[in-house]
Number of protein chains: 2
Amino acid sequence: MTKPHDQHAPAAARDGDTEQRILDAAHEVFVRRGSAGARMKEIAETAGVNQALLHYYFRSKARLADAVFRHAARQLMPRVIALLASEATLEEKIEEVVHLELEQLSRAPYLPGYILSELSHNPDRVPQLIAAMLGIEPDGFVPQVFSTLKRQIDARVRAGTMRRIAPEQFVINLLALCIFPFAAKPMLMALLRLDQDGFEHLIARRKREITTFFLNGLRP
Amino acid sequence: MTKPHDQHAPAAARDGDTEQRILDAAHEVFVRRGSAGARMKEIAETAGVNQALLHYYFRSKARLADAVFRHAARQLMPRVIALLASEATLEEKIEEVVHLELEQLSRAPYLPGYILSELSHNPDRVPQLIAAMLGIEPDGFVPQVFSTLKRQIDARVRAGTMRRIAPEQFVINLLALCIFPFAAKPMLMALLRLDQDGFEHLIARRKREITTFFLNGLRP
DNA sequence: GTCTATATGTTGATAGAC
DNA sequence: GTCTATCAACATATAGAC
């Protein structure tokens, strides 16, 4: 009696709710293969259902891909963006962002690779991502998120406790140090000759490394 | 009389050598769509030849994709790796790497996105990349590239002119700051509300930003 | 809601004329 | 070397029974 194709079917709270199982399977396959490489057959098999059911619930591959991407986008950055735009001090922001990102990405290490890949092959997904990150409607007005940040930096510069840096560069540096290791995980593991354990170990140590590095990097 | 499928046909030095035109077109399409999303039809049209010719020269889509990936991989990092392993001073290395990467990536801004995406969907490509980066045979022995770096850092730490940092973290930080802005270009352009000009401007300023930031970040 | 069977359209690849 | 015509395989999507 649920209504597929609607925003969200009530999701009969049964143990193995089918729609959710499909979504989980789709997530797994789309992240591993990319939108173009993913196959409906593999998704159906992973979910343990028939291929026709995917269409019953999501109508088309494109819609299923959208659902997966939206869900992934909501996971990647919204809290970080909100944090950066908040009224916390700069030190708090840095520490919190690093902690949050490394924590979150350790649990979903393939997310950055998937999202960046998707955006690079599918530019029309960009507005979707921005909307998810900022919690606004797609194509809606993108608020100036970094005005607070700019104000905080300016104050520090005037006080002589920080070198001058453009807020854009500040944000890019921070995101780069947190996200890149995951986006480039396969390459780094090979280049640095790490196994899975070695990589996790490196990330664990990295939380302190980034914080120190970043705070140092901003000294006057 | 040239021999396709061979390592490298002599490439009749005619103006519009067909094999090269195909390779260029393939590069363009594979980078834009990814290996899974690329279509032989589109490559043929881009090259201005018939689809059957692609198979005449490269036998299969997989082989063509390999050729493109190898070429891209040779462009991304080999000089940087060599530089990091060289006997130049740390300051020289940092300055040179930043200069080299930003210069190179400005001319091929979609390269990081393509390579990282390819690796994340195609783990079996990792050895190919490492081989291309280090200039060795695929599956050959990966030499310890970072021993020199480690020695240099240790010396600085003992002299009290640098804080302690693991060479792996050193390399990751440097690569992250250089490569991430390009890998995440579409996202950053939207998030920071930049057009193409704005992005290039940001990158131009970034060369000095990264150097300062990085050197500062290593102070004791 | 879930299945089997099938329609419809693409895609990579080959055969063979020129 | 380059083209046209065509194949076989596969992928998405639908129809319809249960």
# chains A, B, ... in the order shown; residues from 1 in each chain; ligands from 1

call {"tool": "interface_residues", "arguments": {"of": "chain D", "to": "chain B", "cutoff": "12 Å", "atoms": "only C-alpha atoms (C1' of nucleotides)", "output": "number ranges by chain"}}
result
D: 1-5

call {"tool": "interface_residues", "arguments": {"of": "chain B", "to": "chain A", "cutoff": "7 Å", "atoms": "only C-alpha atoms", "output": "MDAnalysis selection string"}}
result
chainID B and resid 32:34 36:37 113 116:117 119:121 126 130 172:173 176:177 180:181 183:184 186:187 191 213:214 216:218

call {"tool": "interface_residues", "arguments": {"of": "chain C", "to": "chain A", "cutoff": "10 Å", "atoms": "only C-alpha atoms (C1' of nucleotides)", "output": "number ranges by chain"}}
result
C: 1-4

call {"tool": "residues_around", "arguments": {"residues": "range 7-10 of chain C", "least_positions_apart": "2", "cutoff": "9 Å", "atoms": "only C-alpha atoms (C1' of nucleotides)", "output": "ChimeraX atom specification"}}
result
/D:10-14

call {"tool": "write_last_selection", "arguments": {"atoms": "N, CA and C atoms (P, O5', C5', C4', C3', O3' and C1' of nucleotides)", "output": "PDB file, in the first residue's frame"}}
result
ATOM      1  P    DC D  10      27.089 -10.846 -22.941  1.00  0.00           P
ATOM      2  O5'  DC D  10      26.439  -9.484 -22.453  1.00  0.00           O
ATOM      3  C5'  DC D  10      27.128  -8.281 -22.762  1.00  0.00           C
ATOM      4  C4'  DC D  10      26.191  -7.112 -22.635  1.00  0.00           C
ATOM      5  C3'  DC D  10      25.402  -7.090 -21.323  1.00  0.00           C
ATOM      6  O3'  DC D  10      25.856  -5.976 -20.600  1.00  0.00           O
ATOM      7  C1'  DC D  10      24.076  -6.457 -23.203  1.00  0.00           C
ATOM      8  P    DA D  11      25.273  -5.670 -19.134  1.00  0.00           P
ATOM      9  O5'  DA D  11      24.277  -4.479 -19.412  1.00  0.00           O
ATOM     10  C5'  DA D  11      24.684  -3.368 -20.201  1.00  0.00           C
ATOM     11  C4'  DA D  11      23.604  -2.302 -20.118  1.00  0.00           C
ATOM     12  C3'  DA D  11      22.840  -2.347 -18.794  1.00  0.00           C
ATOM     13  O3'  DA D  11      22.691  -1.053 -18.236  1.00  0.00           O
ATOM     14  C1'  DA D  11      21.361  -2.769 -20.625  1.00  0.00           C
ATOM     15  P    DT D  12      21.790  -0.878 -16.949  1.00  0.00           P
ATOM     16  O5'  DT D  12      20.418  -0.298 -17.512  1.00  0.00           O
ATOM     17  C5'  DT D  12      20.443   0.872 -18.320  1.00  0.00           C
ATOM     18  C4'  DT D  12      19.085   1.072 -18.950  1.00  0.00           C
ATOM     19  C3'  DT D  12      17.955   1.311 -17.941  1.00  0.00           C
ATOM     20  O3'  DT D  12      17.243   2.470 -18.344  1.00  0.00           O
ATOM     21  C1'  DT D  12      17.362  -0.421 -19.467  1.00  0.00           C
ATOM     22  P    DA D  13      16.119   3.107 -17.335  1.00  0.00           P
ATOM     23  O5'  DA D  13      14.790   2.422 -17.871  1.00  0.00           O
ATOM     24  C5'  DA D  13      14.492   2.526 -19.267  1.00  0.00           C
ATOM     25  C4'  DA D  13      13.350   1.599 -19.623  1.00  0.00           C
ATOM     26  C3'  DA D  13      12.157   1.645 -18.660  1.00  0.00           C
ATOM     27  O3'  DA D  13      11.035   2.173 -19.357  1.00  0.00           O
ATOM     28  C1'  DA D  13      12.717  -0.591 -19.290  1.00  0.00           C
ATOM     29  P    DT D  14       9.618   2.343 -18.625  1.00  0.00           P
ATOM     30  O5'  DT D  14       8.797   1.077 -19.091  1.00  0.00           O
ATOM     31  C5'  DT D  14       8.669   0.838 -20.492  1.00  0.00           C
ATOM     32  C4'  DT D  14       7.939  -0.459 -20.729  1.00  0.00           C
ATOM     33  C3'  DT D  14       6.580  -0.588 -20.022  1.00  0.00           C
ATOM     34  O3'  DT D  14       5.635  -0.934 -21.025  1.00  0.00           O
ATOM     35  C1'  DT D  14       7.885  -2.529 -19.667  1.00  0.00           C
TER      36       DT D  14
END

call {"tool": "atom_distance", "arguments": {"atom1": "CA of Val80 in chain A", "atom2": "CA of His99 in chain A"}}
result
10.1 Å

call {"tool": "atom_distance", "arguments": {"atom1": "CA of Thr46 in chain A", "atom2": "CA of Asp197 in chain A"}}
result
26.7 Å

call {"tool": "select_by_dssp", "arguments": {"residues": "range 12-75 of chain A", "states": "helix (DSSP H, G or I)", "output": "PyMOL selection string"}}
result
chain A and resi 18-37+40-47+51-58+61-75

call {"tool": "atom_distance", "arguments": {"atom1": "CA of Tyr57 in chain A", "atom2": "CA of Leu23 in chain A"}}
result
9.7 Å

call {"tool": "closest_residue", "arguments": {"among": "B:Ala132, B:Val97, B:Ala82, B:Ala25", "to": "Met40 in chain B", "atoms": "only C-alpha atoms"}}
result
B:Ala25

call {"tool": "residues_around", "arguments": {"residues": "DT6 in chain D", "least_positions_apart": "5", "cutoff": "12 Å", "atoms": "only C-alpha atoms (C1' of nucleotides)", "output": "PDB file with C-alpha atoms (C1' of nucleotides), in the first residue's frame"}}
result
ATOM      1  C1'  DA C  13      33.203  -5.280 -32.410  1.00  0.00           C
ATOM      2  C1'  DT C  14      33.687  -7.711 -37.125  1.00  0.00           C
ATOM      3  C1'  DA C  15      33.235  -8.626 -42.299  1.00  0.00           C
ATOM      4  C1'  DG C  16      34.193  -7.225 -46.421  1.00  0.00           C
TER       5       DG C  16
END
